[in-house]
Amino acid sequence: APTRKVIIGQSEKSIVDNLKKTFSYQYPYSLDTLLPLKMGVTSAITYDVENVVHMLFDEPTPDVERGVIAHSILENFNFNSSDNLVLQVGAMVYRGILTSEQVDKVNLTRIENAISSDAMKGLSGYKLYREKQFLVNIEANRILDTESQENVLLQGVIDLLAIGKDNAIIVDYKYSSLDKNSLKIKYSKQLELYAYAVSKVLNIKVDKRVLVNLFTGESIEV
């Protein structure tokens with residue numbers, strides 16, 4: 001069979017140029033390919049650790065178990081009842097929600113102070129949702145260190161969502177030895193994201209965001 005000869009000449013330069021152009025192509029949206037498909041609110045929170053240094057050293061750092069117990073008390077607390085916290089906690093023990101031993105591990109006076117504070121007033125007449133889960137699309141640059149405006153899914157759980165006629169209140173429970181200012185610095189971004197999710201999904205204005213510290217007995221508007 002005759003041998004076919006390939007003559008390499010000037011025309012090959014255009015082929016080489018095209019190959020270089022093809023393999024050196026930069027995808028203009030490459031940042032978007034690195035974005036997570038879904039994020040939790042807590043993983044989206046960033047804050048300046050150096051500013052969160054004002055600890056309350058007069059008492060030991062609270063442990064996780066006590067935090068869970070305090071959180072459970074508020075999860076089952078009836079804000080529209082005339083019964084005070086002690087009576088309601090007694091009823092929780094009677095119904096088997098908590099044990100007496102668990103209740104003895106937390107300071108009910110501080111919890112009472114937190115839910116009776118000015119920041120927590122005004123829930124009467126609101127429809128209350130406990131442990132309200134949400135899943136919402138949000139622009140990546142709102143929660144990540146990126147310029148991308150592509151949507152990612154943000155999920156989270158709001159401890160207490162109060163819905164009024166044309167507004168909403170978001171309440172988040174913490175059990176922390178941080179002082180008010182440090183707590184606000186650390187978690188203001190979290191409540192900002194919660195408010196964004198509520199306003200986007202329900203098309204309603206969030207006009208109040210509250211952090212309730214069940215360890216110190218304080219409530220803070222953020």
# chains A, B, ... in the order shown; residues from 1 in each chain; ligands from 1
$ residues_around --residues "segment 197-205 of chain A" --least-positions-apart "3" --cutoff "12 Å" --atoms "only C-alpha atoms" --output "ChimeraX atom specification"
/A:41,132-139,142,153-158,160-170,190-194,208-209
$ atom_distance --atom1 "atom CA of Thr109 of chain A" --atom2 "atom CA of Ser82 of chain A"
17.0 Å
$ select_by_dssp --residues "segment 84-207 of chain A" --states "strand (DSSP E)" --output "PyMOL selection string"
chain A and resi 127-139+151-163+167-174+205-207
$ atom_distance --atom1 "atom CA of Ser177 of chain A" --atom2 "atom CA of Val68 of chain A"
14.9 Å
$ atom_distance --atom1 "atom CA of Leu144 of chain A" --atom2 "atom CA of Lys189 of chain A"
11.9 Å
$ closest_residue --among "A:Leu128, A:Ala195, A:Val103, A:Met120" --to "Glu75 of chain A" --atoms "only C-alpha atoms"
A:Leu128
$ closest_residue --among "A:Ser100, A:Ser176, A:Asn181, A:Asn213" --to "Val64 of chain A" --atoms "only C-alpha atoms"
A:Ser176
$ closest_residue --among "A:Lys127, A:Asn151, A:Tyr196, A:Leu183" --to "Phe215 of chain A" --atoms "only C-alpha atoms"
A:Leu183
$ residues_around --residues "Lys174 of chain A" --least-positions-apart "4" --cutoff "8 Å" --atoms "only C-alpha atoms" --output "PyMOL selection string"
chain A and resi 67+71+211-215
